[in-house]
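With compact mmCIF, C-alpha atoms inside, this is model.txt:
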```txt
# COMPACT_ATOMS: atom_id res chain seq x y z
CA MET A 1 0.00 0.00 0.00
CA ILE A 2 1.25 3.46 -0.93
CA ASN A 3 2.12 5.78 1.93
CA ALA A 4 -0.03 8.93 1.82
CA VAL A 5 2.82 11.09 3.20
CA LEU A 6 5.09 10.46 0.20
CA CYS A 7 6.09 13.63 -1.63
CA ASP A 8 4.53 14.54 -4.98
CA ALA A 9 7.70 13.82 -6.97
CA THR A 10 7.91 10.27 -5.57
CA LEU A 11 4.24 9.66 -6.33
CA VAL A 12 4.68 10.86 -9.91
CA SER A 13 7.70 8.56 -10.35
CA GLN A 14 5.78 5.64 -8.85
CA TYR A 15 2.86 6.26 -11.19
CA LYS A 16 5.20 6.44 -14.16
CA LEU A 17 6.50 3.02 -13.16
CA GLY A 18 2.96 1.64 -13.31
CA ASN A 19 1.75 2.05 -9.72
CA ASP A 20 -1.83 3.34 -10.15
CA GLU A 21 -2.28 3.71 -6.42
CA ALA A 22 0.31 6.51 -6.45
CA PHE A 23 -1.90 8.51 -8.80
CA GLU A 24 -4.90 7.91 -6.56
CA VAL A 25 -2.99 9.55 -3.68
CA LEU A 26 -2.13 12.53 -5.91
CA LEU A 27 -5.76 12.83 -6.97
CA GLN A 28 -7.01 12.76 -3.38
CA ARG A 29 -4.39 15.35 -2.45
CA TYR A 30 -5.27 17.83 -5.22
CA LYS A 31 -8.85 17.25 -6.34
CA SER A 32 -10.45 19.78 -3.95
CA LYS A 33 -7.84 22.45 -4.68
CA VAL A 34 -8.15 21.96 -8.43
CA PHE A 35 -11.93 21.80 -8.35
CA SER A 36 -12.42 24.84 -6.08
CA THR A 37 -10.02 26.88 -8.21
CA ILE A 38 -11.83 26.01 -11.44
CA TYR A 39 -15.31 26.35 -9.96
CA LEU A 40 -14.71 29.81 -8.54
CA ILE A 41 -13.28 31.02 -11.85
CA VAL A 42 -15.92 29.64 -14.21
CA LYS A 43 -18.77 29.94 -11.66
CA ASP A 44 -20.55 26.91 -13.08
CA ARG A 45 -20.51 23.50 -11.44
CA TYR A 46 -21.19 21.45 -14.59
CA MET A 47 -18.39 23.16 -16.45
CA ALA A 48 -16.06 22.88 -13.46
CA GLU A 49 -16.62 19.10 -13.30
CA ASP A 50 -15.68 18.79 -16.99
CA LEU A 51 -12.65 21.02 -16.65
CA MET A 52 -11.40 19.17 -13.59
CA GLN A 53 -11.57 15.94 -15.57
CA ASP A 54 -9.72 17.62 -18.47
CA THR A 55 -7.03 18.87 -16.07
CA PHE A 56 -6.29 15.44 -14.63
CA VAL A 57 -6.55 13.72 -18.04
CA LYS A 58 -3.90 16.13 -19.32
CA CYS A 59 -1.84 15.39 -16.21
CA VAL A 60 -2.10 11.60 -16.77
CA ASP A 61 -1.23 11.90 -20.47
CA THR A 62 1.80 14.11 -19.79
CA ILE A 63 3.19 11.84 -17.06
CA ARG A 64 2.60 8.66 -19.04
CA SER A 65 4.15 10.06 -22.21
CA GLY A 66 7.31 10.92 -20.26
CA LYS A 67 6.91 14.64 -20.97
CA TYR A 68 6.52 15.66 -17.31
CA ASN A 69 9.45 17.77 -16.20
CA GLU A 70 10.65 16.27 -12.93
CA GLU A 71 12.56 19.39 -12.01
CA GLY A 72 9.36 21.39 -11.68
CA LYS A 73 6.97 21.10 -8.76
CA PHE A 74 3.77 19.13 -9.24
CA ALA A 75 1.43 21.56 -7.41
CA PRO A 76 2.17 24.72 -9.44
CA TRP A 77 2.19 22.61 -12.61
CA ILE A 78 -1.28 21.10 -12.14
CA MET A 79 -2.68 24.40 -10.87
CA ARG A 80 -1.33 26.09 -14.00
CA ILE A 81 -3.16 23.55 -16.20
CA ALA A 82 -6.38 24.04 -14.19
CA HIS A 83 -6.07 27.82 -14.20
CA ASN A 84 -5.42 28.06 -17.95
CA LEU A 85 -8.32 25.74 -18.84
CA ALA A 86 -10.65 27.65 -16.47
CA ILE A 87 -9.65 31.09 -17.77
CA ASP A 88 -10.11 29.97 -21.40
CA ALA A 89 -13.54 28.51 -20.58
CA PHE A 90 -14.57 31.57 -18.57
CA ARG A 91 -13.68 33.93 -21.44
CA LYS A 92 -15.55 31.76 -23.96
CA GLN A 93 -18.51 31.63 -21.57
CA LYS A 94 -18.51 35.42 -21.28
CA ARG A 95 -18.76 35.66 -25.06
CA ASN A 96 -21.55 33.03 -25.17
CA PRO A 97 -23.36 33.24 -21.81
CA THR A 98 -25.34 30.20 -20.70
CA ILE A 99 -28.93 30.40 -19.51
CA ARG A 100 -29.26 29.83 -15.78
CA MET A 101 -32.31 28.82 -13.79
CA GLU A 102 -34.38 31.67 -12.43
CA ASP A 103 -33.48 31.04 -8.78
CA GLY A 104 -29.79 30.54 -9.66
CA GLN A 105 -29.90 27.15 -7.93
CA GLU A 106 -26.76 25.12 -8.41
CA ALA A 107 -27.51 21.66 -9.72
CA PHE A 108 -25.18 19.68 -7.48
CA SER A 109 -25.34 21.82 -4.36
CA GLN A 110 -26.92 19.03 -2.37
CA PHE A 111 -23.92 16.76 -3.00
CA GLN A 112 -21.09 18.91 -1.82
CA PHE A 113 -21.64 18.35 1.88
CA ALA A 114 -22.64 14.71 1.54
CA GLU A 115 -19.87 13.55 3.82
CA LYS A 116 -20.69 16.01 6.60
CA GLY A 117 -23.26 15.44 9.30
CA VAL A 118 -26.73 16.96 8.96
CA ASP A 119 -26.25 19.46 11.80
CA GLU A 120 -22.87 20.57 10.51
CA HIS A 121 -24.34 20.87 7.04
CA LEU A 122 -27.15 23.12 8.24
CA SER A 123 -24.95 25.37 10.34
CA PHE A 124 -22.27 25.98 7.69
CA ILE A 125 -24.03 25.81 4.36
CA GLU A 126 -25.38 29.37 4.33
CA LYS A 127 -22.12 30.98 5.38
CA GLU A 128 -20.05 28.91 2.95
CA LYS A 129 -22.47 29.61 0.11
CA GLN A 130 -22.36 33.32 0.90
CA VAL A 131 -18.56 33.39 0.95
CA ARG A 132 -18.44 31.68 -2.45
CA ALA A 133 -21.01 34.15 -3.78
CA PHE A 134 -18.85 37.07 -2.59
CA VAL A 135 -15.74 35.58 -4.22
CA LYS A 136 -17.62 35.20 -7.51
CA GLN A 137 -18.52 38.92 -7.41
CA LEU A 138 -14.89 40.10 -7.20
CA PRO A 139 -13.27 41.69 -10.28
CA GLU A 140 -11.59 39.03 -12.43
CA THR A 141 -7.96 39.89 -11.64
CA GLN A 142 -8.60 40.04 -7.88
CA ARG A 143 -10.61 36.84 -7.90
CA GLU A 144 -7.88 35.06 -9.82
CA VAL A 145 -5.15 35.86 -7.27
CA LEU A 146 -7.36 35.11 -4.28
CA ILE A 147 -8.45 31.72 -5.67
CA LEU A 148 -4.93 30.66 -6.63
CA ARG A 149 -3.61 31.63 -3.18
CA ILE A 150 -6.39 30.27 -0.98
CA TYR A 151 -7.65 27.25 -2.92
CA GLY A 152 -4.74 26.51 -5.24
CA ASP A 153 -2.22 26.98 -2.42
CA LEU A 154 0.27 28.71 -4.72
CA SER A 155 2.81 31.19 -3.39
CA PHE A 156 2.53 34.83 -4.47
CA GLN A 157 5.66 34.40 -6.57
CA GLU A 158 4.12 31.38 -8.32
CA ILE A 159 0.89 33.36 -8.90
CA ALA A 160 2.89 36.27 -10.31
CA ASP A 161 4.72 33.90 -12.70
CA LEU A 162 1.50 32.19 -13.73
CA THR A 163 -0.48 35.35 -14.37
CA GLY A 164 2.38 37.30 -15.93
CA VAL A 165 2.51 40.17 -13.42
CA SER A 166 5.01 41.32 -10.79
CA ILE A 167 4.77 39.97 -7.26
CA ASN A 168 3.81 43.44 -6.02
CA THR A 169 0.89 43.55 -8.45
CA ALA A 170 -0.25 40.10 -7.28
CA LEU A 171 -0.01 41.22 -3.64
CA GLY A 172 -1.90 44.44 -4.42
CA ARG A 173 -4.70 42.51 -6.11
CA MET A 174 -4.94 40.22 -3.11
CA ARG A 175 -5.20 43.20 -0.76
CA TYR A 176 -7.98 44.75 -2.83
CA ALA A 177 -9.76 41.40 -3.01
CA LEU A 178 -9.72 41.15 0.80
CA ILE A 179 -10.84 44.77 1.18
CA ASN A 180 -13.73 44.22 -1.25
CA LEU A 181 -14.76 40.98 0.45
CA ARG A 182 -14.82 42.78 3.77
CA LYS A 183 -17.00 45.54 2.32
CA MET A 184 -19.44 42.97 0.92
CA MET A 185 -19.63 41.19 4.26
CA GLU A 186 -20.16 44.42 6.16
CA LYS A 187 -22.88 45.47 3.71
CA ARG A 188 -24.62 42.14 4.14
CA GLN A 189 -24.42 42.37 7.92
CA THR A 190 -25.91 45.87 7.80
CA ILE A 191 -28.81 44.65 5.66
CA ALA A 192 -29.38 41.69 8.00
CA TYR A 193 -29.29 44.04 10.99
CA ASP A 194 -31.77 46.44 9.39
CA LYS A 195 -34.15 43.59 8.58
CA ASN A 196 -34.06 42.42 12.19
CA PHE A 197 -34.64 45.97 13.40
CA TYR A 198 -37.69 46.57 11.24
CA SER A 199 -39.20 43.15 11.88
CA GLN A 200 -39.46 43.86 15.61
CA MET B 1 18.59 50.58 8.31
CA ILE B 2 15.20 49.76 9.83
CA LYS B 3 12.73 48.44 7.31
CA THR B 4 9.12 49.65 7.43
CA PHE B 5 6.83 46.74 6.74
CA THR B 6 3.64 47.14 4.72
CA PRO B 7 0.36 45.18 4.32
CA ASN B 8 2.05 43.33 1.43
CA ASP B 9 4.58 41.98 3.93
CA VAL B 10 1.68 40.82 6.13
CA LEU B 11 0.37 38.76 3.19
CA LEU B 12 3.84 37.33 2.59
CA TYR B 13 4.19 36.54 6.30
CA ILE B 14 0.88 34.66 6.41
CA SER B 15 1.89 32.75 3.27
CA LYS B 16 5.30 31.93 4.83
CA GLU B 17 7.05 33.75 2.00
CA LEU B 18 8.76 36.49 3.99
CA PRO B 19 12.57 36.09 3.87
CA PRO B 20 13.75 34.32 7.07
CA ALA B 21 16.17 37.15 7.75
CA GLU B 22 13.25 39.59 8.08
CA LEU B 23 11.02 37.48 10.32
CA ILE B 24 12.14 38.74 13.75
CA GLU B 25 12.09 42.38 12.67
CA PHE B 26 8.64 41.91 11.11
CA GLU B 27 7.17 40.25 14.21
CA GLU B 28 8.56 43.04 16.41
CA GLN B 29 6.93 45.69 14.22
CA LEU B 30 3.70 43.70 14.01
CA SER B 31 3.36 43.59 17.79
CA SER B 32 3.86 47.35 18.13
CA ASP B 33 1.98 48.61 15.04
CA GLN B 34 -1.78 48.60 15.58
CA GLU B 35 -2.63 49.22 11.93
CA LEU B 36 -0.45 46.34 10.73
CA MET B 37 -1.82 44.07 13.47
CA GLY B 38 -5.37 45.02 12.48
CA PHE B 39 -4.70 44.07 8.88
CA TYR B 40 -3.03 40.82 10.00
CA ILE B 41 -6.08 39.82 12.07
CA GLN B 42 -8.43 40.70 9.18
CA CYS B 43 -6.37 38.56 6.80
CA VAL B 44 -6.14 35.54 9.10
CA THR B 45 -9.91 35.70 9.70
CA ALA B 46 -10.68 36.06 5.99
CA PHE B 47 -8.29 33.24 5.02
CA GLY B 48 -9.94 30.94 7.56
CA LEU B 49 -13.42 31.78 6.32
CA LEU B 50 -12.44 31.37 2.67
CA LYS B 51 -10.68 28.05 3.24
CA ARG B 52 -13.85 26.65 4.80
CA ALA B 53 -15.76 27.43 1.61
CA VAL B 54 -13.81 24.85 -0.40
CA VAL B 55 -15.88 22.94 -2.96
CA GLU B 56 -15.66 19.17 -3.49
CA PRO B 57 -16.00 17.59 -6.93
CA SER B 58 -18.57 14.86 -7.51
CA GLU B 59 -17.69 11.22 -7.00
CA LYS B 60 -18.54 10.65 -10.66
CA SER B 61 -15.75 12.99 -11.82
CA THR B 62 -13.25 11.47 -9.39
CA ASN B 63 -14.09 7.95 -10.57
CA PHE B 64 -13.84 8.98 -14.21
CA ILE B 65 -10.32 10.30 -13.62
CA LEU B 66 -9.27 7.21 -11.66
CA ASN B 67 -10.52 4.90 -14.40
CA TYR B 68 -8.73 6.98 -17.00
CA ALA B 69 -5.49 6.89 -15.00
CA LYS B 70 -5.72 3.12 -14.58
CA ARG B 71 -6.39 2.24 -18.20
CA PRO B 72 -3.70 0.11 -19.83
CA ILE B 73 -1.19 1.90 -22.04
CA CYS B 74 -1.65 1.03 -25.72
CA ARG B 75 1.70 0.70 -27.49
```
Turn this file's structure into structure tokens for me.
Amino acid sequence: MINAVLCDATLVSQYKLGNDEAFEVLLQRYKSKVFSTIYLIVKDRYMAEDLMQDTFVKCVDTIRSGKYNEEGKFAPWIMRIAHNLAIDAFRKQKRNPTIRMEDGQEAFSQFQFAEKGVDEHLSFIEKEKQVRAFVKQLPETQREVLILRIYGDLSFQEIADLTGVSINTALGRMRYALINLRKMMEKRQTIAYDKNFYSQ
Amino acid sequence: MIKTFTPNDVLLYISKELPPAELIEFEEQLSSDQELMGFYIQCVTAFGLLKRAVVEPSEKSTNFILNYAKRPICR
């Protein structure tokens, strides 16, 4: 049995040698990061599922064909594939917008907390949904940096390299993203407070 | 020369990207600078909240990828 604490490079080598279990460990390690990154960029769960599959298929093909550069790190590499696919899809989607349901209901929303208990699900779902909604409202460049840092776990230098900007620009975008998120949260709290006040 | 740290340095500190040589000086300034500390607390809180909002892919997608990864190589 493969040890789950093995480093990425060892797992990639093991998979290249034919050990499928090594890839399973890599998938478990990165699937949430990759999926959250894609989902928050394209803002569509169906599309995010497809793009996550495309990302890992590309990853499998590259490793198996011997084209994977072992000197690079696995995490920034797979996040770069995910990011590029998501950005391409998001831009295409903006040109050809899809029709959404009237209530904006997300098709798979009932599945995402399947492994959590019912109480935990009820207490966190609204807050988590709200946070994701705020992230989706951020300007594209700010959202991109925030997602890659928080969900993709990339360093600011790696984000700067990936997005083709200086590290100071990446840091500045992150600061503005946090400031804007805070404003949105404060605004929401004010509205909630006002509603409570008037309902009394 | 004493360096004046900025909110950008706070972000680098939280991400463990601040140069090791600057860590002690940064932490000293952080503990005495209310504005910097305020930003640090805001960031840590926001990061925690955001990390909790992670989204999980469906089992169907995960299984598709696993099956693809396990398929025999055609030569």
Using only C-alpha atoms, determine which residues lie at most 12 Å from range 6-20 of chain A, disregarding the query and same-chain residues fewer than 4 positions distant; provide the list as a count of residues only.
-> 38
Would you mind telling me which residue in A:Ala86, A:Arg132, A:Asp50, A:Arg80 lies nearest to Lys60 in chain B when using only C-alpha atoms?
-> A:Asp50
Residue with smallest distance to chain A - pool B:Pro20, B:Asn63, B:Pro57, B:Gln29, counting all atoms listed in the file =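 Result for the nearest residue to chain A: B:Pro57.
Distances to chain A were evaluated for B:Gln34, B:Thr4, B:Ser61, B:Thr45 using only C-alpha atoms, and the minimum falls at B:Ser61.
Nearest-residue note for Phe23 in chain A: choosing from A:Phe56, A:Ala48, A:Glu126, A:Glu186, the minimum distance belongs to A:Phe56, counting only C-alpha atoms.
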With only C-alpha atoms as the atoms that count, which of A:Phe134, A:Tyr151, A:Tyr176, A:Tyr46 lies nearest to chain B?
->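 Closest to chain B of all the choices is A:Tyr151.
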Compute the set of chain A residues within 6 Å of chain B, using all atoms listed in the file, and express it as a VMD selection string.
-> chain A and resid 20 32 36 112 128 171
Would you mind exporting C-alpha atoms of the selected residues as a PDB file, in the coordinates of the input?
```pdb
ATOM      1  CA  ASP A  20      -1.830   3.340 -10.150  1.00  0.00           C
ATOM      2  CA  SER A  32     -10.450  19.780  -3.950  1.00  0.00           C
ATOM      3  CA  SER A  36     -12.420  24.840  -6.080  1.00  0.00           C
ATOM      4  CA  GLN A 112     -21.090  18.910  -1.820  1.00  0.00           C
ATOM      5  CA  GLU A 128     -20.050  28.910   2.950  1.00  0.00           C
ATOM      6  CA  LEU A 171      -0.010  41.220  -3.640  1.00  0.00           C
TER       7      LEU A 171
END
```
How many Å separate CA of Ile81 in chain A from CA of Lys94 in chain A?
-> 20.1 Å
Just add N, CA and C atoms to range 131-161 of chain A and send it as a JSON list (two decimals), in the frame of the given file.
```
[["chain", "number", "residue", "atom", "x", "y", "z"],
["A", 131, "VAL", "N", -19.97, 33.06, 1.21],
["A", 131, "VAL", "CA", -18.56, 33.39, 0.95],
["A", 131, "VAL", "C", -18.23, 33.13, -0.52],
["A", 132, "ARG", "N", -18.70, 31.99, -1.04],
["A", 132, "ARG", "CA", -18.44, 31.68, -2.45],
["A", 132, "ARG", "C", -19.11, 32.71, -3.36],
["A", 133, "ALA", "N", -20.30, 33.14, -2.97],
["A", 133, "ALA", "CA", -21.01, 34.15, -3.78],
["A", 133, "ALA", "C", -20.23, 35.46, -3.80],
["A", 134, "PHE", "N", -19.66, 35.84, -2.65],
["A", 134, "PHE", "CA", -18.85, 37.07, -2.59],
["A", 134, "PHE", "C", -17.61, 36.94, -3.48],
["A", 135, "VAL", "N", -16.95, 35.79, -3.41],
["A", 135, "VAL", "CA", -15.74, 35.58, -4.22],
["A", 135, "VAL", "C", -16.07, 35.72, -5.70],
["A", 136, "LYS", "N", -17.21, 35.16, -6.09],
["A", 136, "LYS", "CA", -17.62, 35.20, -7.51],
["A", 136, "LYS", "C", -17.87, 36.64, -7.98],
["A", 137, "GLN", "N", -18.21, 37.53, -7.03],
["A", 137, "GLN", "CA", -18.52, 38.92, -7.41],
["A", 137, "GLN", "C", -17.27, 39.80, -7.56],
["A", 138, "LEU", "N", -16.11, 39.28, -7.14],
["A", 138, "LEU", "CA", -14.89, 40.10, -7.20],
["A", 138, "LEU", "C", -14.48, 40.35, -8.66],
["A", 139, "PRO", "N", -13.80, 41.47, -8.94],
["A", 139, "PRO", "CA", -13.27, 41.69, -10.28],
["A", 139, "PRO", "C", -12.33, 40.53, -10.66],
["A", 140, "GLU", "N", -12.29, 40.22, -11.95],
["A", 140, "GLU", "CA", -11.59, 39.03, -12.43],
["A", 140, "GLU", "C", -10.14, 38.90, -11.93],
["A", 141, "THR", "N", -9.38, 39.98, -12.02],
["A", 141, "THR", "CA", -7.96, 39.89, -11.64],
["A", 141, "THR", "C", -7.78, 39.65, -10.14],
["A", 142, "GLN", "N", -8.67, 40.25, -9.34],
["A", 142, "GLN", "CA", -8.60, 40.04, -7.88],
["A", 142, "GLN", "C", -9.03, 38.63, -7.52],
["A", 143, "ARG", "N", -10.09, 38.18, -8.18],
["A", 143, "ARG", "CA", -10.61, 36.84, -7.90],
["A", 143, "ARG", "C", -9.56, 35.78, -8.23],
["A", 144, "GLU", "N", -8.89, 36.00, -9.35],
["A", 144, "GLU", "CA", -7.88, 35.06, -9.82],
["A", 144, "GLU", "C", -6.77, 34.86, -8.77],
["A", 145, "VAL", "N", -6.23, 35.96, -8.26],
["A", 145, "VAL", "CA", -5.15, 35.86, -7.27],
["A", 145, "VAL", "C", -5.65, 35.21, -5.98],
["A", 146, "LEU", "N", -6.81, 35.64, -5.53],
["A", 146, "LEU", "CA", -7.36, 35.11, -4.28],
["A", 146, "LEU", "C", -7.59, 33.59, -4.38],
["A", 147, "ILE", "N", -8.16, 33.15, -5.49],
["A", 147, "ILE", "CA", -8.45, 31.72, -5.67],
["A", 147, "ILE", "C", -7.15, 30.91, -5.72],
["A", 148, "LEU", "N", -6.18, 31.41, -6.50],
["A", 148, "LEU", "CA", -4.93, 30.66, -6.63],
["A", 148, "LEU", "C", -4.17, 30.59, -5.30],
["A", 149, "ARG", "N", -4.30, 31.64, -4.48],
["A", 149, "ARG", "CA", -3.61, 31.63, -3.18],
["A", 149, "ARG", "C", -4.34, 30.75, -2.16],
["A", 150, "ILE", "N", -5.63, 30.96, -2.04],
["A", 150, "ILE", "CA", -6.39, 30.27, -0.98],
["A", 150, "ILE", "C", -6.70, 28.82, -1.36],
["A", 151, "TYR", "N", -7.20, 28.61, -2.56],
["A", 151, "TYR", "CA", -7.65, 27.25, -2.92],
["A", 151, "TYR", "C", -6.56, 26.49, -3.67],
["A", 152, "GLY", "N", -5.80, 27.19, -4.51],
["A", 152, "GLY", "CA", -4.74, 26.51, -5.24],
["A", 152, "GLY", "C", -3.47, 26.34, -4.43],
["A", 153, "ASP", "N", -3.37, 27.08, -3.32],
["A", 153, "ASP", "CA", -2.22, 26.98, -2.42],
["A", 153, "ASP", "C", -0.90, 27.38, -3.09],
["A", 154, "LEU", "N", -0.96, 28.25, -4.07],
["A", 154, "LEU", "CA", 0.27, 28.71, -4.72],
["A", 154, "LEU", "C", 0.85, 29.89, -3.94],
["A", 155, "SER", "N", 2.16, 30.03, -4.02],
["A", 155, "SER", "CA", 2.81, 31.19, -3.39],
["A", 155, "SER", "C", 2.53, 32.42, -4.26],
["A", 156, "PHE", "N", 2.76, 33.61, -3.68],
["A", 156, "PHE", "CA", 2.53, 34.83, -4.47],
["A", 156, "PHE", "C", 3.50, 34.91, -5.65],
["A", 157, "GLN", "N", 4.70, 34.39, -5.46],
["A", 157, "GLN", "CA", 5.66, 34.40, -6.57],
["A", 157, "GLN", "C", 5.16, 33.48, -7.69],
["A", 158, "GLU", "N", 4.64, 32.31, -7.31],
["A", 158, "GLU", "CA", 4.12, 31.38, -8.32],
["A", 158, "GLU", "C", 2.90, 31.99, -9.04],
["A", 159, "ILE", "N", 2.06, 32.70, -8.28],
["A", 159, "ILE", "CA", 0.89, 33.36, -8.90],
["A", 159, "ILE", "C", 1.35, 34.44, -9.87],
["A", 160, "ALA", "N", 2.36, 35.21, -9.45],
["A", 160, "ALA", "CA", 2.89, 36.27, -10.31],
["A", 160, "ALA", "C", 3.42, 35.66, -11.61],
["A", 161, "ASP", "N", 4.17, 34.56, -11.50],
["A", 161, "ASP", "CA", 4.72, 33.90, -12.70],
["A", 161, "ASP", "C", 3.60, 33.39, -13.60]]
```
